[in-house]
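Colleague: What follows is entry-v3.cif; its format and atoms are mmCIF, C-alpha atoms.
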```
data_run
loop_
_atom_site.group_PDB
_atom_site.id
_atom_site.type_symbol
_atom_site.label_atom_id
_atom_site.label_comp_id
_atom_site.auth_asym_id
_atom_site.auth_seq_id
_atom_site.Cartn_x
_atom_site.Cartn_y
_atom_site.Cartn_z
ATOM 1 C CA MET U 7 93.156 -63.210 20.600
ATOM 2 C CA ILE U 8 95.965 -65.433 19.368
ATOM 3 C CA GLY U 9 99.406 -65.935 20.798
ATOM 4 C CA ASN U 10 101.870 -68.769 20.884
ATOM 5 C CA LYS U 11 103.135 -70.349 24.073
ATOM 6 C CA GLU U 12 105.072 -67.990 26.374
ATOM 7 C CA THR U 13 104.164 -64.805 24.491
ATOM 8 C CA GLY U 14 102.397 -63.524 27.601
ATOM 9 C CA LYS U 15 98.918 -63.660 26.054
ATOM 10 C CA THR U 16 97.203 -65.102 29.127
ATOM 11 C CA THR U 17 99.047 -62.675 31.390
ATOM 12 C CA SER U 18 98.016 -59.798 29.118
ATOM 13 C CA MET U 19 94.364 -60.774 29.278
ATOM 14 C CA ILE U 20 94.369 -61.121 33.060
ATOM 15 C CA SER U 21 96.158 -57.796 33.543
ATOM 16 C CA ALA U 22 93.774 -56.056 31.118
ATOM 17 C CA TYR U 23 90.822 -57.560 32.959
ATOM 18 C CA GLY U 24 92.225 -56.507 36.328
ATOM 19 C CA VAL U 25 92.945 -52.927 35.309
ATOM 20 C CA LEU U 26 89.629 -52.434 33.496
ATOM 21 C CA SER U 27 87.410 -54.237 36.009
ATOM 22 C CA LYS U 28 88.761 -52.507 39.109
ATOM 23 C CA ASN U 29 89.577 -48.819 38.624
ATOM 24 C CA GLY U 30 88.961 -48.715 34.888
ATOM 25 C CA VAL U 31 90.521 -46.342 32.365
ATOM 26 C CA SER U 32 89.163 -42.879 31.613
ATOM 27 C CA GLY U 33 85.650 -43.814 32.768
ATOM 28 C CA PHE U 34 85.602 -47.238 31.079
ATOM 29 C CA LYS U 35 85.374 -50.578 32.875
ATOM 30 C CA ILE U 36 84.584 -54.161 31.959
ATOM 31 C CA LYS U 37 82.495 -56.628 33.933
ATOM 32 C CA ALA U 38 82.554 -60.422 33.604
ATOM 33 C CA LEU U 39 79.036 -61.781 33.115
ATOM 34 C CA ASN U 40 79.801 -65.307 34.271
ATOM 35 C CA GLU U 41 80.352 -65.469 38.031
ATOM 36 C CA SER U 42 82.791 -68.388 37.795
ATOM 37 C CA ASP U 43 84.857 -66.486 35.188
ATOM 38 C CA LYS U 44 84.866 -63.420 37.445
ATOM 39 C CA SER U 45 86.036 -65.452 40.430
ATOM 40 C CA GLU U 46 88.787 -67.126 38.401
ATOM 41 C CA LEU U 47 90.020 -63.913 36.774
ATOM 42 C CA ASP U 48 89.941 -61.984 40.071
ATOM 43 C CA SER U 49 92.057 -64.679 41.726
ATOM 44 C CA LEU U 50 94.544 -64.760 38.843
ATOM 45 C CA PHE U 51 94.867 -60.969 38.893
ATOM 46 C CA ILE U 52 95.615 -60.962 42.622
ATOM 47 C CA ASN U 53 98.337 -63.561 42.037
ATOM 48 C CA LEU U 54 99.687 -61.563 39.105
ATOM 49 C CA LYS U 55 100.154 -58.476 41.261
ATOM 50 C CA ARG U 56 102.279 -60.643 43.551
ATOM 51 C CA GLY U 57 104.456 -61.643 40.608
ATOM 52 C CA GLU U 58 102.856 -65.084 40.188
ATOM 53 C CA TYR U 59 102.275 -65.592 36.473
ATOM 54 C CA PRO U 60 99.499 -67.856 35.174
ATOM 55 C CA LEU U 61 100.093 -71.123 33.361
ATOM 56 C CA ALA U 62 99.835 -70.977 29.585
ATOM 57 C CA THR U 63 96.446 -71.942 28.153
ATOM 58 C CA ALA U 64 96.141 -74.849 25.753
ATOM 59 C CA LYS U 65 92.545 -74.481 24.670
ATOM 60 C CA ARG U 66 90.085 -72.193 22.942
ATOM 61 C CA SER U 67 88.034 -70.365 25.574
ATOM 62 C CA THR U 68 85.324 -67.737 25.342
ATOM 63 C CA TYR U 69 84.602 -65.102 27.976
ATOM 64 C CA PHE U 70 81.606 -62.774 28.078
ATOM 65 C CA PHE U 71 81.864 -59.183 29.312
ATOM 66 C CA ASP U 72 79.958 -55.939 29.501
ATOM 67 C CA LEU U 73 81.786 -52.721 28.682
ATOM 68 C CA LEU U 74 80.738 -49.991 31.109
ATOM 69 C CA TYR U 75 81.023 -46.247 30.707
ATOM 70 C CA LYS U 76 80.473 -44.214 33.861
ATOM 71 C CA ASP U 77 79.282 -47.500 35.442
ATOM 72 C CA SER U 78 76.495 -47.960 32.855
ATOM 73 C CA PRO U 79 76.609 -50.935 30.427
ATOM 74 C CA ILE U 80 76.964 -49.782 26.819
ATOM 75 C CA HIS U 81 78.195 -52.891 24.985
ATOM 76 C CA ARG U 82 78.271 -56.668 25.487
ATOM 77 C CA PHE U 83 81.088 -58.608 23.868
ATOM 78 C CA GLU U 84 82.787 -61.978 23.579
ATOM 79 C CA TRP U 85 86.513 -62.308 24.173
ATOM 80 C CA LYS U 86 87.881 -65.478 22.577
ATOM 81 C CA ASP U 87 91.213 -66.863 23.734
ATOM 82 C CA PHE U 88 92.638 -68.898 20.853
ATOM 83 C CA ASN U 89 95.929 -70.564 21.750
ATOM 84 C CA GLY U 90 98.347 -70.616 18.829
ATOM 85 C CA GLY U 91 99.521 -74.092 19.761
ATOM 86 C CA ILE U 92 96.264 -75.658 18.618
ATOM 87 C CA ILE U 93 96.466 -74.127 15.128
ATOM 88 C CA ASN U 94 98.247 -76.274 12.584
ATOM 89 C CA GLU U 95 98.098 -75.643 8.851
ATOM 90 C CA LYS U 96 98.097 -79.417 8.323
ATOM 91 C CA ASN U 97 95.053 -79.697 10.579
ATOM 92 C CA ILE U 98 92.260 -78.515 8.290
ATOM 93 C CA GLU U 99 89.744 -78.413 11.131
ATOM 94 C CA SER U 100 91.793 -76.030 13.312
ATOM 95 C CA VAL U 101 92.448 -73.720 10.354
ATOM 96 C CA GLN U 102 88.742 -73.696 9.503
ATOM 97 C CA VAL U 103 87.813 -72.829 13.108
ATOM 98 C CA LEU U 104 90.255 -69.909 13.015
ATOM 99 C CA LYS U 105 88.822 -68.717 9.710
ATOM 100 C CA GLU U 106 85.252 -68.906 11.047
ATOM 101 C CA ASP U 107 86.239 -67.051 14.225
ATOM 102 C CA MET U 108 87.806 -64.270 12.173
ATOM 103 C CA GLN U 109 84.770 -64.026 9.893
ATOM 104 C CA GLU U 110 82.418 -63.756 12.883
ATOM 105 C CA SER U 111 84.492 -61.353 14.978
ATOM 106 C CA SER U 112 85.082 -57.622 14.744
ATOM 107 C CA GLY U 113 88.821 -58.032 15.050
ATOM 108 C CA ILE U 114 91.810 -59.987 16.269
ATOM 109 C CA MET U 115 94.559 -59.392 18.811
ATOM 110 C CA LEU U 116 97.927 -60.918 17.919
ATOM 111 C CA PHE U 117 100.524 -61.340 20.678
ATOM 112 C CA PHE U 118 104.293 -61.376 20.138
ATOM 113 C CA ASP U 119 107.222 -61.613 22.544
ATOM 114 C CA ALA U 120 109.248 -58.395 22.128
ATOM 115 C CA GLU U 121 112.700 -59.990 22.380
ATOM 116 C CA LYS U 122 111.897 -62.795 19.929
ATOM 117 C CA LEU U 123 110.361 -60.317 17.553
ATOM 118 C CA TYR U 124 113.359 -57.968 17.701
ATOM 119 C CA ASN U 125 115.821 -60.825 17.210
ATOM 120 C CA ASN U 126 113.672 -62.287 14.427
ATOM 121 C CA SER U 127 113.605 -65.570 16.317
ATOM 122 C CA ILE U 128 109.885 -66.296 16.248
ATOM 123 C CA ASP U 129 109.529 -69.976 15.464
ATOM 124 C CA THR U 130 108.291 -71.577 12.281
ATOM 125 C CA LYS U 131 104.900 -72.415 13.768
ATOM 126 C CA VAL U 132 104.226 -68.739 14.524
ATOM 127 C CA ARG U 133 105.200 -67.774 10.972
ATOM 128 C CA ARG U 134 102.771 -70.356 9.619
ATOM 129 C CA ILE U 135 99.994 -68.985 11.793
ATOM 130 C CA LEU U 136 100.782 -65.473 10.543
ATOM 131 C CA HIS U 137 100.570 -66.765 6.979
ATOM 132 C CA ILE U 138 97.142 -68.298 7.644
ATOM 133 C CA ILE U 139 95.900 -65.099 9.289
ATOM 134 C CA SER U 140 97.250 -62.941 6.439
ATOM 135 C CA GLN U 141 95.418 -65.122 3.923
ATOM 136 C CA ASN U 142 92.183 -64.777 5.890
ATOM 137 C CA LEU U 143 92.576 -60.998 6.116
ATOM 138 C CA VAL U 144 92.648 -60.753 2.323
ATOM 139 C CA SER U 145 89.220 -62.410 2.121
ATOM 140 C CA ILE U 146 87.578 -60.055 4.643
ATOM 141 C CA GLU U 147 85.332 -57.468 3.012
ATOM 142 C CA ARG U 148 84.025 -55.587 6.028
ATOM 143 C CA VAL U 149 85.600 -53.338 8.624
ATOM 144 C CA PHE U 150 88.028 -55.412 10.713
ATOM 145 C CA TYR U 151 90.539 -54.436 13.407
ATOM 146 C CA VAL U 152 93.936 -55.926 14.192
ATOM 147 C CA ALA U 153 95.756 -55.148 17.437
ATOM 148 C CA ILE U 154 99.417 -56.175 17.246
ATOM 149 C CA VAL U 155 100.385 -56.559 20.892
ATOM 150 C CA ILE U 156 104.137 -56.537 21.662
ATOM 151 C CA THR U 157 104.474 -58.125 25.106
ATOM 152 C CA LYS U 158 107.386 -57.865 27.570
ATOM 153 C CA PHE U 159 108.473 -54.617 25.912
ATOM 154 C CA ASP U 160 110.243 -53.622 29.139
ATOM 155 C CA LEU U 161 112.824 -56.379 28.553
ATOM 156 C CA LEU U 162 114.214 -54.622 25.480
ATOM 157 C CA THR U 163 117.135 -52.244 25.881
ATOM 158 C CA ASP U 164 116.479 -48.543 25.393
ATOM 159 C CA PHE U 165 118.240 -48.718 22.022
ATOM 160 C CA GLN U 166 116.090 -51.662 20.900
ATOM 161 C CA ARG U 167 112.893 -49.880 21.905
ATOM 162 C CA HIS U 168 113.776 -47.004 19.613
ATOM 163 C CA ASP U 169 114.614 -49.332 16.726
ATOM 164 C CA ILE U 170 111.017 -49.809 15.573
ATOM 165 C CA ASP U 171 111.948 -50.897 12.035
ATOM 166 C CA THR U 172 113.934 -53.891 13.285
ATOM 167 C CA LEU U 173 111.257 -54.756 15.832
ATOM 168 C CA LEU U 174 108.465 -54.909 13.282
ATOM 169 C CA SER U 175 110.550 -56.383 10.455
ATOM 170 C CA PRO U 176 109.291 -59.996 10.944
ATOM 171 C CA LEU U 177 105.721 -58.707 10.607
ATOM 172 C CA LYS U 178 106.215 -56.903 7.298
ATOM 173 C CA PRO U 179 104.145 -59.389 5.211
ATOM 174 C CA LEU U 180 101.255 -59.093 7.655
ATOM 175 C CA ILE U 181 101.517 -55.305 7.858
ATOM 176 C CA CYS U 182 101.702 -55.110 4.063
ATOM 177 C CA ASN U 183 98.460 -57.082 3.712
ATOM 178 C CA ILE U 184 96.791 -54.801 6.232
ATOM 179 C CA GLN U 185 97.950 -51.670 4.417
ATOM 180 C CA ASN U 186 96.702 -53.030 1.096
ATOM 181 C CA SER U 187 93.230 -53.750 2.449
ATOM 182 C CA GLU U 188 90.522 -51.103 2.373
ATOM 183 C CA TYR U 189 88.716 -52.847 5.232
ATOM 184 C CA VAL U 190 91.401 -53.765 7.774
ATOM 185 C CA TYR U 191 92.734 -51.305 10.369
ATOM 186 C CA SER U 192 95.575 -51.908 12.795
ATOM 187 C CA LEU U 193 97.460 -50.545 15.767
ATOM 188 C CA TRP U 194 100.647 -51.946 17.271
ATOM 189 C CA ILE U 195 100.826 -51.654 21.032
ATOM 190 C CA PRO U 196 103.898 -52.204 23.236
ATOM 191 C CA THR U 197 102.899 -53.624 26.636
ATOM 192 C CA SER U 198 104.458 -54.679 29.884
ATOM 193 C CA CYS U 199 103.064 -56.537 32.867
ATOM 194 C CA THR U 200 105.146 -57.023 35.992
ATOM 195 C CA ALA U 201 104.622 -56.859 39.730
ATOM 196 C CA ASN U 202 106.083 -53.334 39.528
ATOM 197 C CA GLY U 203 103.504 -52.069 37.079
ATOM 198 C CA MET U 204 101.303 -52.693 34.062
ATOM 199 C CA ILE U 205 101.762 -50.518 30.975
ATOM 200 C CA ASN U 206 99.265 -50.184 28.104
ATOM 201 C CA VAL U 207 97.537 -53.451 29.054
ATOM 202 C CA GLY U 208 94.025 -52.036 28.601
ATOM 203 C CA ILE U 209 94.690 -50.381 25.222
ATOM 204 C CA PRO U 210 94.359 -53.471 22.958
ATOM 205 C CA ILE U 211 90.836 -54.403 24.060
ATOM 206 C CA LEU U 212 89.685 -50.763 24.219
ATOM 207 C CA TYR U 213 90.980 -50.221 20.681
ATOM 208 C CA MET U 214 89.088 -53.300 19.486
ATOM 209 C CA LEU U 215 85.879 -52.290 21.260
ATOM 210 C CA HIS U 216 86.024 -48.744 19.952
ATOM 211 C CA GLY U 217 86.321 -50.078 16.419
ATOM 212 C CA SER U 218 83.522 -52.629 16.703
ATOM 213 C CA MET U 219 81.126 -50.207 18.400
ATOM 214 C CA SER U 220 81.843 -47.457 15.877
ATOM 215 C CA THR U 221 80.984 -49.793 13.012
ATOM 216 C CA TYR U 222 77.854 -51.030 14.769
ATOM 217 C CA CYS U 223 76.650 -47.523 15.608
ATOM 218 C CA ASP U 224 77.116 -46.381 12.011
ATOM 219 C CA ASP U 225 74.848 -49.207 10.835
ATOM 220 C CA LYS U 226 72.353 -48.639 13.636
ATOM 221 C CA TYR U 227 72.186 -44.913 12.932
ATOM 222 C CA ALA U 228 71.117 -45.643 9.343
ATOM 223 C CA GLU U 229 68.331 -47.875 10.666
ATOM 224 C CA LEU U 230 67.178 -45.220 13.128
ATOM 225 C CA VAL U 231 67.071 -42.538 10.430
ATOM 226 C CA ASP U 232 64.670 -44.756 8.493
ATOM 227 C CA GLU U 233 62.518 -45.308 11.592
ATOM 228 C CA ILE U 234 62.450 -41.575 12.349
ATOM 229 C CA GLN U 235 61.281 -40.920 8.778
ATOM 230 C CA LYS U 236 58.394 -43.360 9.278
ATOM 231 C CA TYR U 237 57.452 -41.520 12.472
ATOM 232 C CA GLN U 238 57.518 -38.188 10.621
ATOM 233 C CA ASN U 239 55.350 -39.607 7.818
ATOM 234 C CA TYR U 240 52.735 -40.685 10.367
ATOM 235 C CA VAL U 241 52.807 -37.202 11.922
ATOM 236 C CA ASP U 242 52.425 -35.507 8.529
ATOM 237 C CA ASN U 243 49.411 -37.671 7.655
ATOM 238 C CA SER U 244 47.618 -37.225 10.973
ATOM 239 C CA GLY U 245 44.694 -34.834 11.366
ATOM 240 C CA PHE U 246 40.920 -34.499 11.516
ATOM 241 C CA PHE U 247 40.242 -36.403 8.269
ATOM 242 C CA ASP U 248 42.508 -39.224 9.446
ATOM 243 C CA ASP U 249 40.502 -39.446 12.693
ATOM 244 C CA ILE U 250 37.238 -39.779 10.757
ATOM 245 C CA VAL U 251 38.602 -42.515 8.476
ATOM 246 C CA SER U 252 39.929 -44.368 11.521
ATOM 247 C CA PHE U 253 36.557 -44.128 13.286
ATOM 248 C CA PHE U 254 34.715 -45.814 10.419
ATOM 249 C CA SER U 255 37.446 -48.292 9.433
ATOM 250 C CA ASP U 256 38.268 -49.291 13.010
ATOM 251 C CA GLU U 257 41.984 -48.889 12.230
ATOM 252 C CA LYS U 258 44.615 -46.959 14.141
ATOM 253 C CA THR U 259 45.003 -43.280 13.327
ATOM 254 C CA TYR U 260 48.294 -41.941 12.014
ATOM 255 C CA ARG U 261 48.502 -40.025 15.276
ATOM 256 C CA GLN U 262 48.392 -43.322 17.192
ATOM 257 C CA LEU U 263 50.887 -44.942 14.823
ATOM 258 C CA ALA U 264 53.193 -41.940 15.255
ATOM 259 C CA GLN U 265 53.016 -42.252 19.033
ATOM 260 C CA GLU U 266 53.796 -45.970 18.881
ATOM 261 C CA LYS U 267 56.740 -45.367 16.560
ATOM 262 C CA TYR U 268 57.987 -42.566 18.834
ATOM 263 C CA ASN U 269 57.802 -44.894 21.850
ATOM 264 C CA GLN U 270 59.898 -47.448 19.948
ATOM 265 C CA VAL U 271 62.495 -45.086 18.533
ATOM 266 C CA GLN U 272 63.080 -42.507 21.247
ATOM 267 C CA PRO U 273 64.637 -44.899 23.841
ATOM 268 C CA GLN U 274 66.989 -46.210 21.125
ATOM 269 C CA ILE U 275 68.003 -42.682 20.162
ATOM 270 C CA GLU U 276 68.755 -41.811 23.790
ATOM 271 C CA TYR U 277 70.734 -45.034 24.225
ATOM 272 C CA TYR U 278 72.848 -44.566 21.101
ATOM 273 C CA ASN U 279 73.444 -40.913 21.886
ATOM 274 C CA ASN U 280 74.989 -42.076 25.156
ATOM 275 C CA VAL U 281 77.036 -44.724 23.359
ATOM 276 C CA ILE U 282 78.255 -42.193 20.795
ATOM 277 C CA GLU U 283 79.263 -39.824 23.597
ATOM 278 C CA ALA U 284 81.265 -42.655 25.148
ATOM 279 C CA LEU U 285 82.832 -43.517 21.779
ATOM 280 C CA LYS U 286 84.009 -39.949 21.244
ATOM 281 C CA HIS U 287 85.536 -39.964 24.710
ATOM 282 C CA LEU U 288 87.210 -43.327 24.082
ATOM 283 C CA GLN U 289 88.542 -42.218 20.695
ATOM 284 C CA LYS U 290 90.134 -39.145 22.257
ATOM 285 C CA TYR U 291 91.697 -41.294 24.962
ATOM 286 C CA ILE U 292 93.213 -43.724 22.435
ATOM 287 C CA GLU U 293 94.445 -40.909 20.169
ATOM 288 C CA ASP U 294 96.019 -38.968 23.031
ATOM 289 C CA VAL U 295 97.802 -41.830 24.800
ATOM 290 C CA ASP U 296 101.567 -41.913 24.205
ATOM 291 C CA LEU U 297 102.157 -45.654 23.939
ATOM 292 C CA LEU U 298 105.909 -45.384 24.533
ATOM 293 C CA LYS U 299 106.122 -42.719 27.221
ATOM 294 C CA ASP U 300 106.441 -45.105 30.174
ATOM 295 C CA PHE U 301 109.180 -47.130 28.470
ATOM 296 C CA PHE U 302 111.671 -44.283 28.126
ATOM 297 C CA LEU U 303 113.507 -42.050 30.564
ATOM 298 C CA THR U 304 113.297 -39.259 28.030
ATOM 299 C CA LYS U 305 110.506 -38.016 25.776
ATOM 300 C CA LYS U 306 112.755 -36.501 23.099
ATOM 301 C CA ILE U 307 111.361 -38.898 20.493
ATOM 302 C CA LYS U 308 107.634 -38.761 19.820
ATOM 303 C CA TYR U 309 105.898 -41.529 17.887
ATOM 304 C CA ASN U 310 102.462 -41.082 16.347
ATOM 305 C CA PHE U 311 100.467 -44.203 15.605
#
```
If you convert what's in this file into structure tokens, what do you get?
Modeller:
Amino acid sequence: MIGNKETGKTTSMISAYGVLSKNGVSGFKIKALNESDKSELDSLFINLKRGEYPLATAKRSTYFFDLLYKDSPIHRFEWKDFNGGIINEKNIESVQVLKEDMQESSGIMLFFDAEKLYNNSIDTKVRRILHIISQNLVSIERVFYVAIVITKFDLLTDFQRHDIDTLLSPLKPLICNIQNSEYVYSLWIPTSCTANGMINVGIPILYMLHGSMSTYCDDKYAELVDEIQKYQNYVDNSGFFDDIVSFFSDEKTYRQLAQEKYNQVQPQIEYYNNVIEALKHLQKYIEDVDLLKDFFLTKKIKYNF
């Protein structure tokens, strides 16, 4: 995730962690694997609920989590916090690190302050970072997900919240690159995090995880189909004659090979069936959520993303 100073990126991460690690969302939770990270994030979330906001980060940090569905781990992931202040197009090393992170990750979360975005007052440094990211997106030739997170959306007036074209206008070059790519998918998500409530804070990471797991499961399914075919070939070749050949050659029978292959494949099939069930549930949740409903007094206008 990338966000410039005071965009609310750190606050967004802590609130997402708090919501998804405590009660969870629609059966999904996350769990910090590192005990010191868990202790730190728990403490920061408690302070956040009191209205005490965290200090801005000025480093590149990596956190490790498990995604749980119905309290069972289904996916382990890394969450990298990449502060925009350390990226400088004149600093070749920082740009290269960003490029490598994007190439190795399943997606990126970009954080923008709603008021600055609406007023087109995002600073030059942010525009440069967007340019670097847009360039990197063009070179990606695999499925990649972009979550455009609009923070502090509650601070906009009701009129401004409806004026989506003006809000997203500064991001048109980025959005255009995304639309022109056959590999990159995106979702823009308005969020709010105050002592009075947290809105949509878990959606960005759930959207990213759904995308990365879907891609992984598609690839894994192809591998499992091949393994199942090997198992079936062993079954088809087993029989009395095979037993005789095995007896004299001192080699395993096809029946034994089939059993071994079954023992290898069946647990994986059961595991991925559970993951796929969770993915379908998560997809429905993301598709059904009305991202703007809690920001308006009326629901006369319906937006589909």
Colleague: Could you check which of U:Met214, U:Val31, U:Val144, U:Leu298 is closest to U:Ile156, using only C-alpha atoms?
Modeller: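 Of U:Met214, U:Val31, U:Val144, U:Leu298, the one nearest U:Ile156 is U:Leu298, counting only C-alpha atoms.
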Colleague: At what distance in Å, to one decimal, does atom CA of U:Leu215 lie from atom CA of U:Asp72?
Modeller: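 So the two atoms, atom CA of U:Asp72 and atom CA of U:Leu215, lie 10.8 Å apart.
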Colleague: So which residues get picked by the PyMOL selection byres ((chain U and resi 286) around 12) here, written as a VMD selection string?
Modeller: chain U and resid 32 75 216 to 217 219 to 220 223 279 to 285 287 to 293
Colleague: Of the candidates U:Leu177, U:Leu136, U:Ile154, U:Val149, which one gets nearest to U:Lys15 if we count all atoms listed in the file?
Modeller: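 Using all atoms listed in the file, U:Lys15 sits closest to U:Ile154.
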Colleague: For U:His137, please output as a list in words all residues within 12 Å (counting only C-alpha atoms; exclusion window: fewer than 2 positions along the same chain).
Modeller: Ile93, Asn94, Glu95, Val101, Thr130, Lys131, Val132, Arg133, Arg134, Ile135, Ile139, Ser140, Gln141, Asn142, Leu143, Val144, Pro176, Leu177, Lys178, Pro179, Leu180, Ile181 and Asn183 of chain U
Colleague: Please dump the current selection as a CSV table (one decimal), in the coordinates of the input; keep C-alpha atoms.
Modeller:
```csv
chain,number,residue,atom,x,y,z
U,93,ILE,CA,96.5,-74.1,15.1
U,94,ASN,CA,98.2,-76.3,12.6
U,95,GLU,CA,98.1,-75.6,8.9
U,101,VAL,CA,92.4,-73.7,10.4
U,130,THR,CA,108.3,-71.6,12.3
U,131,LYS,CA,104.9,-72.4,13.8
U,132,VAL,CA,104.2,-68.7,14.5
U,133,ARG,CA,105.2,-67.8,11.0
U,134,ARG,CA,102.8,-70.4,9.6
U,135,ILE,CA,100.0,-69.0,11.8
U,139,ILE,CA,95.9,-65.1,9.3
U,140,SER,CA,97.2,-62.9,6.4
U,141,GLN,CA,95.4,-65.1,3.9
U,142,ASN,CA,92.2,-64.8,5.9
U,143,LEU,CA,92.6,-61.0,6.1
U,144,VAL,CA,92.6,-60.8,2.3
U,176,PRO,CA,109.3,-60.0,10.9
U,177,LEU,CA,105.7,-58.7,10.6
U,178,LYS,CA,106.2,-56.9,7.3
U,179,PRO,CA,104.1,-59.4,5.2
U,180,LEU,CA,101.3,-59.1,7.7
U,181,ILE,CA,101.5,-55.3,7.9
U,183,ASN,CA,98.5,-57.1,3.7
```
Colleague: Work out how far apart atom CA of U:Gln262 and atom CA of U:Ser244 are and give it in Å to one decimal.
Modeller: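 Distance between the two atoms: 8.7 Å.
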Colleague: Contacts of U:Asp169 at 12 Å or less, counting all atoms listed in the file, minus same-chain residues fewer than 4 places along, as a PDB file with C-alpha atoms, keeping the file's coordinate frame?
Modeller:
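Result written to out.pdb:
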```
ATOM      1  CA  ALA U 120     109.248 -58.395  22.128  1.00  0.00           C
ATOM      2  CA  LEU U 123     110.361 -60.317  17.553  1.00  0.00           C
ATOM      3  CA  TYR U 124     113.359 -57.968  17.701  1.00  0.00           C
ATOM      4  CA  ASN U 125     115.821 -60.825  17.210  1.00  0.00           C
ATOM      5  CA  LEU U 162     114.214 -54.622  25.480  1.00  0.00           C
ATOM      6  CA  THR U 163     117.135 -52.244  25.881  1.00  0.00           C
ATOM      7  CA  ASP U 164     116.479 -48.543  25.393  1.00  0.00           C
ATOM      8  CA  PHE U 165     118.240 -48.718  22.022  1.00  0.00           C
ATOM      9  CA  LEU U 173     111.257 -54.756  15.832  1.00  0.00           C
ATOM     10  CA  LEU U 174     108.465 -54.909  13.282  1.00  0.00           C
ATOM     11  CA  SER U 175     110.550 -56.383  10.455  1.00  0.00           C
ATOM     12  CA  ILE U 307     111.361 -38.898  20.493  1.00  0.00           C
ATOM     13  CA  TYR U 309     105.898 -41.529  17.887  1.00  0.00           C
TER      14      TYR U 309
END
```
Colleague: Env of U:Tyr277: 12 Å cut, atoms = all atoms listed in the file, seq-sep filter 5 positions within chain, self excluded. Answer as number ranges by chain.
Modeller: U: 78-81, 223, 226-227, 230, 270-272, 282-284
Colleague: Using atom CA of U:Leu61 and atom CA of U:Gly24 as the two end points, give the distance in Å to one decimal.
Modeller: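 Interatomic distance, atom CA of U:Leu61 to atom CA of U:Gly24: 16.9 Å.
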Colleague: Name the closest residue to U:Lys76 among the candidates U:Ile138, U:Ser112, U:Val103, U:Phe34; distances are taken between atoms, counting all atoms listed in the file.
Modeller: U:Phe34
Colleague: Could you state which residues are captured by the PyMOL selection byres ((chain U and resi 59) around 10) in this file, as a list in words?
Modeller: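 The output of the PyMOL selection byres ((chain U and resi 59) around 10) on this file is Gly14, Thr16, Thr17, Ile20, Leu50, Phe51, Asn53, Leu54, Lys55, Arg56, Gly57, Glu58, Pro60, Leu61, Ala62, Cys199, Thr200 and Ala201 of chain U.
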Colleague: List as a PyMOL selection string the protein and nucleic acid residues near U:Phe150, meaning an atom at most 10 Å away when all atoms listed in the file are counted, but skip any in the same chain fewer than 4 places from it.
Modeller: chain U and resi 108-109+111-114+143+146+184+187-192+214+217-218+221
Colleague: Tell me which protein, DNA and RNA residues are within 10 Å of U:Asn40, counting all atoms listed in the file, leaving out same-chain ones fewer than 6 positions away, and put them as a PDB file with C-alpha atoms, keeping the file's coordinate frame.
Modeller:
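Result file follows (part.pdb):
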```
ATOM      1  CA  TYR U  69      84.602 -65.102  27.976  1.00  0.00           C
ATOM      2  CA  PHE U  70      81.606 -62.774  28.078  1.00  0.00           C
ATOM      3  CA  PHE U  71      81.864 -59.183  29.312  1.00  0.00           C
TER       4      PHE U  71
END
```
Colleague: With all atoms listed in the file as the atoms that count, which of U:Ser18, U:Ser67, U:Ser100, U:Asn243 lies nearest to U:Thr259?
Modeller: U:Asn243
Colleague: From the options U:Val231, U:Met7, U:Ile128, U:Ile52, which residue's atoms come nearest to U:Thr68, counting all atoms listed in the file?
Modeller: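 Closest candidate: U:Met7.
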Colleague: Evaluate the PyMOL selection byres ((chain U and resi 13) around 8) and record the selected residues as a VMD selection string, following the chain and residue labels used in the document.
Modeller: chain U and resid 9 to 12 14 to 15 117 to 119 157
